[in-house]
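K.L.:
Have a look at this one before I ask anything.
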Amino acid sequence: MLRKIFLLAASLFVLMALVSCHKPPVEDPLIPGPDSPGEKVILSEAEIAEIVDRNLDILVKKDTQYSLEGECINDHPEAFSAIVALGEDALPYLTELGQNVRGYDYSVENYQRILARYAAYTIQPELYTLTYPSPDGKYVLKWAPTTFVTMLDPFMGTMYNISVIDIQTGKTAIACAEFFEEESSLHWSPDSRYAAVSAGYRHSYRDVYVFYMASGDCILLPGEEELETLLETELTYYDADTDDEFSCVHILFDEWGTDTVTARIMLSSVVGGGVEIGRYTYDLAKREIVTCNLSE
């Protein structure tokens, strides 16, 4: 009987010792305690950095190139969740890492910087979301990042999805399925009925999208194919002095009219440069070109 009591007391002593020595994992910032369930544990900057770095090491594989953040996250979603679970306390470290993304650098460290930026955006979208209110204050153009991996191409930068938000209701008035690069330019009409966004890639092409508040449409202005059909000629220019051929078509916003928009037609070579070859005016209500003039 005494032996049983001794063994029971010894077992209880070992159990109490194990409980007192056990430390909950630091990667869980919410550690429920018996007296304060859900109490947030305050982590030091060093502890936060350690959690972030350790999980970034898990997420990014060596000798692998990624085209989207999801390709890193899908194999180990728990590692990304561990970073995001740190919340706003991790933002100083994450944003510091994310500021140092380098173009054309496909190293593990650079992909980790991109994921740090993506984690910061997941925690607080306002960090990298751009907003441009209309002149009348009724709408705002919201540029929400779709991926930061494209920052590896310095000529592209962050890619955005653009939508129009009705400020009074907070609802999306216009959603555009296209992706826009960081250097896209925006032009609100003075009456706030339209917004034009010019988007493209380097010397290759440039398009203009018009957000029409009244109809809720995102209208792509005519580009190379439509203009060549209308004009019955190929849009190209040869400069004999430089021996350069300009055949990359760029549509650029010029000015607003009454329910119309005028665009400039530019050509460039594959290495740059540019020459304006004409302009056209587009009727936004009728959805057609009303005038188109090429330079001599």
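By convention here, the chains of the structure tokens are called A, B, ... in the order presented, each chain's residues are numbered starting at 1, and ligands are numbered starting at 1 in the order presented.
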Could you give me the residues within stretch 22-268 of chain A that DSSP places in helix (DSSP H, G or I), as a PyMOL selection string?

P.N.:
chain A and resi 45-59+69-73+77-84+87-98+108-123+125-127+149-152+224-231

K.L.:
Go ahead and dump the residues you just picked, C-alpha atoms, as an mmCIF file, in the first residue's frame.

P.N.:
```cif
data_model
loop_
_atom_site.group_PDB
_atom_site.id
_atom_site.type_symbol
_atom_site.label_atom_id
_atom_site.label_comp_id
_atom_site.auth_asym_id
_atom_site.auth_seq_id
_atom_site.Cartn_x
_atom_site.Cartn_y
_atom_site.Cartn_z
ATOM 1 C CA GLU A 45 11.641 42.125 -32.094
ATOM 2 C CA ALA A 46 14.242 39.367 -32.095
ATOM 3 C CA GLU A 47 11.600 36.672 -31.495
ATOM 4 C CA ILE A 48 9.424 38.049 -34.291
ATOM 5 C CA ALA A 49 12.390 38.155 -36.677
ATOM 6 C CA GLU A 50 13.273 34.567 -35.755
ATOM 7 C CA ILE A 51 9.735 33.330 -36.444
ATOM 8 C CA VAL A 52 9.564 35.181 -39.765
ATOM 9 C CA ASP A 53 13.006 34.048 -40.940
ATOM 10 C CA ARG A 54 12.441 30.434 -39.929
ATOM 11 C CA ASN A 55 9.156 30.197 -41.805
ATOM 12 C CA LEU A 56 10.494 32.017 -44.868
ATOM 13 C CA ASP A 57 13.230 29.363 -44.993
ATOM 14 C CA ILE A 58 10.489 26.727 -45.111
ATOM 15 C CA LEU A 59 8.481 28.498 -47.800
ATOM 16 C CA GLU A 69 3.409 33.956 -54.287
ATOM 17 C CA GLY A 70 0.897 31.111 -54.090
ATOM 18 C CA GLU A 71 3.449 28.730 -55.590
ATOM 19 C CA CYS A 72 5.582 29.217 -52.479
ATOM 20 C CA ILE A 73 2.684 29.117 -50.037
ATOM 21 C CA PRO A 77 0.488 27.088 -45.918
ATOM 22 C CA GLU A 78 1.068 26.618 -42.184
ATOM 23 C CA ALA A 79 4.412 28.421 -42.464
ATOM 24 C CA PHE A 80 2.830 31.442 -44.134
ATOM 25 C CA SER A 81 -0.014 31.379 -41.599
ATOM 26 C CA ALA A 82 2.535 31.428 -38.770
ATOM 27 C CA ILE A 83 3.967 34.671 -40.162
ATOM 28 C CA VAL A 84 0.580 36.296 -40.736
ATOM 29 C CA GLY A 87 -0.203 40.428 -36.949
ATOM 30 C CA GLU A 88 0.729 44.081 -36.947
ATOM 31 C CA ASP A 89 3.618 43.490 -34.547
ATOM 32 C CA ALA A 90 5.494 41.898 -37.446
ATOM 33 C CA LEU A 91 4.906 44.763 -39.894
ATOM 34 C CA PRO A 92 8.094 46.739 -39.102
ATOM 35 C CA TYR A 93 10.288 43.717 -39.822
ATOM 36 C CA LEU A 94 8.250 42.516 -42.820
ATOM 37 C CA THR A 95 8.150 45.923 -44.483
ATOM 38 C CA GLU A 96 11.869 46.395 -43.913
ATOM 39 C CA LEU A 97 12.543 43.094 -45.676
ATOM 40 C CA GLY A 98 10.070 43.899 -48.454
ATOM 41 C CA VAL A 108 16.236 32.444 -52.241
ATOM 42 C CA GLU A 109 16.818 35.616 -50.234
ATOM 43 C CA ASN A 110 15.100 37.808 -52.816
ATOM 44 C CA TYR A 111 12.048 35.536 -53.050
ATOM 45 C CA GLN A 112 11.887 35.683 -49.266
ATOM 46 C CA ARG A 113 11.820 39.481 -49.464
ATOM 47 C CA ILE A 114 8.875 39.243 -51.882
ATOM 48 C CA LEU A 115 7.020 36.870 -49.552
ATOM 49 C CA ALA A 116 7.699 39.203 -46.634
ATOM 50 C CA ARG A 117 6.092 42.001 -48.624
ATOM 51 C CA TYR A 118 3.140 39.748 -49.472
ATOM 52 C CA ALA A 119 2.723 38.776 -45.815
ATOM 53 C CA ALA A 120 2.727 42.444 -44.792
ATOM 54 C CA TYR A 121 0.071 43.134 -47.446
ATOM 55 C CA THR A 122 -2.006 40.197 -46.162
ATOM 56 C CA ILE A 123 -1.858 41.583 -42.623
ATOM 57 C CA PRO A 125 -3.684 45.651 -47.280
ATOM 58 C CA GLU A 126 -3.628 49.447 -46.966
ATOM 59 C CA LEU A 127 0.180 49.331 -46.923
ATOM 60 C CA VAL A 149 6.770 38.630 -57.896
ATOM 61 C CA THR A 150 6.706 40.846 -60.985
ATOM 62 C CA MET A 151 9.004 43.224 -59.097
ATOM 63 C CA LEU A 152 11.763 40.914 -60.335
ATOM 64 C CA GLU A 224 -3.343 48.112 -83.195
ATOM 65 C CA GLU A 225 -5.688 45.548 -84.742
ATOM 66 C CA GLU A 226 -8.769 47.780 -84.853
ATOM 67 C CA LEU A 227 -6.824 50.775 -86.177
ATOM 68 C CA GLU A 228 -5.143 48.809 -88.956
ATOM 69 C CA THR A 229 -8.551 47.426 -89.998
ATOM 70 C CA LEU A 230 -10.106 50.887 -89.943
ATOM 71 C CA LEU A 231 -7.226 52.586 -91.769
#
```

K.L.:
Can you pull out every residue within 8 Å of A:Pro145, counting only C-alpha atoms, but drop anything in the same chain fewer than 3 positions away, and send it as a PDB file with N, CA and C atoms, in the first residue's frame?

P.N.:
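See out24.pdb below for the written result:
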```
ATOM      1  N   TYR A 128       0.012  48.677 -49.248  1.00  0.00           N
ATOM      2  CA  TYR A 128       0.424  48.690 -50.651  1.00  0.00           C
ATOM      3  C   TYR A 128      -0.738  48.930 -51.616  1.00  0.00           C
ATOM      4  N   THR A 129      -1.925  49.189 -51.086  1.00  0.00           N
ATOM      5  CA  THR A 129      -3.069  49.507 -51.937  1.00  0.00           C
ATOM      6  C   THR A 129      -3.070  51.002 -52.243  1.00  0.00           C
ATOM      7  N   PHE A 148       3.536  40.543 -56.182  1.00  0.00           N
ATOM      8  CA  PHE A 148       4.778  41.313 -56.066  1.00  0.00           C
ATOM      9  C   PHE A 148       5.936  40.605 -56.766  1.00  0.00           C
ATOM     10  N   THR A 158       5.171  46.075 -59.315  1.00  0.00           N
ATOM     11  CA  THR A 158       3.982  45.430 -58.762  1.00  0.00           C
ATOM     12  C   THR A 158       2.850  45.436 -59.786  1.00  0.00           C
ATOM     13  N   MET A 159       2.112  44.326 -59.851  1.00  0.00           N
ATOM     14  CA  MET A 159       0.933  44.255 -60.716  1.00  0.00           C
ATOM     15  C   MET A 159      -0.318  44.520 -59.879  1.00  0.00           C
ATOM     16  N   TYR A 160      -1.249  45.281 -60.464  1.00  0.00           N
ATOM     17  CA  TYR A 160      -2.453  45.679 -59.737  1.00  0.00           C
ATOM     18  C   TYR A 160      -3.718  45.269 -60.475  1.00  0.00           C
ATOM     19  N   ASN A 161      -4.771  45.042 -59.712  1.00  0.00           N
ATOM     20  CA  ASN A 161      -6.116  44.943 -60.254  1.00  0.00           C
ATOM     21  C   ASN A 161      -6.837  46.222 -59.848  1.00  0.00           C
TER      22      ASN A 161
END
```

K.L.:
Please provide the set of residues having any atom within 7 Å of A:Phe253, restricted to only C-alpha atoms, with same-chain residues fewer than 3 positions apart removed, written as a list of chain:residue names.

P.N.:
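That gives A:Ser198, A:Val208, A:Thr262, A:Ala263, A:Arg264.
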
K.L.:
Quick one: DSSP strand (DSSP E or B) residues in stretch 44-244 of chain A, as an NGL selection string?

P.N.:
:A and (130-133 or 139-147 or 159-166 or 172-181 or 185-188 or 194-201 or 205-212 or 217-220 or 237-239 or 244)

K.L.:
By how many Å are atom CA of A:Arg287 and atom CA of A:Tyr194 apart?

P.N.:
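Computing it gives 13.8 Å between the two atoms.
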
K.L.:
Could you work out how far atom CA of A:Glu276 lies from atom CA of A:Asp217, giving the answer in Å with one decimal?

P.N.:
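Here the two named atoms are 28.6 Å from each other.
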
K.L.:
For A:Ile167, list every protein, DNA or RNA residue within 6 Å, evaluated using only C-alpha atoms, and leave out those in the same chain fewer than 2 positions away; present the list as number ranges by chain.

P.N.:
A: 138-139, 165, 169-170

K.L.:
Please provide the set of residues having any atom within 10 Å of A:Tyr238, restricted to only C-alpha atoms, with same-chain residues fewer than 5 positions apart removed, written as a ChimeraX atom specification.

P.N.:
/A:243-247,269

K.L.:
Give me, as a list of chain:residue names, all polymer residues having an atom no more than 8 Å from A:Ala175, counting only C-alpha atoms and skipping those fewer than 3 positions away in the same chain.

P.N.:
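Returned residues: A:Ile162, A:Ser163, A:Val164, A:Thr172, A:Cys218.
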
K.L.:
How would the residues just picked look written out with N, CA and C atoms as a compact mmCIF listing (two decimals), in the first residue's frame?

P.N.:
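Result written to part.txt:
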```txt
# COMPACT_ATOMS: atom_id res chain seq x y z
N ILE A 162 -7.46 46.88 -60.80
CA ILE A 162 -8.08 48.18 -60.54
C ILE A 162 -9.60 48.06 -60.49
N SER A 163 -10.18 48.69 -59.51
CA SER A 163 -11.64 48.74 -59.39
C SER A 163 -12.06 50.14 -58.97
N VAL A 164 -13.32 50.45 -59.23
CA VAL A 164 -13.89 51.73 -58.82
C VAL A 164 -14.83 51.48 -57.64
N THR A 172 -18.23 48.02 -54.75
CA THR A 172 -17.49 48.11 -56.01
C THR A 172 -18.45 48.50 -57.13
N CYS A 218 -15.76 48.86 -68.04
CA CYS A 218 -14.36 49.15 -68.25
C CYS A 218 -14.09 48.95 -69.73
```

K.L.:
In terms of the shortest atom-to-atom distance over only C-alpha atoms, which of A:Leu86, A:Ala240, A:Met156, A:Val60 is closest to A:Asn74?

P.N.:
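Closest to A:Asn74, using only C-alpha atoms: A:Val60.
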
K.L.:
Hey, what's within 9 Å of stretch 183-188 of chain A if we count only C-alpha atoms and toss same-chain stuff fewer than 4 positions away? As number ranges by chain, please?

P.N.:
A: 132-135, 155-158, 192-200, 253, 255

K.L.:
One number please: atom CA of A:Thr281 to atom CA of A:Leu235, in Å, one decimal.

P.N.:
17.4 Å
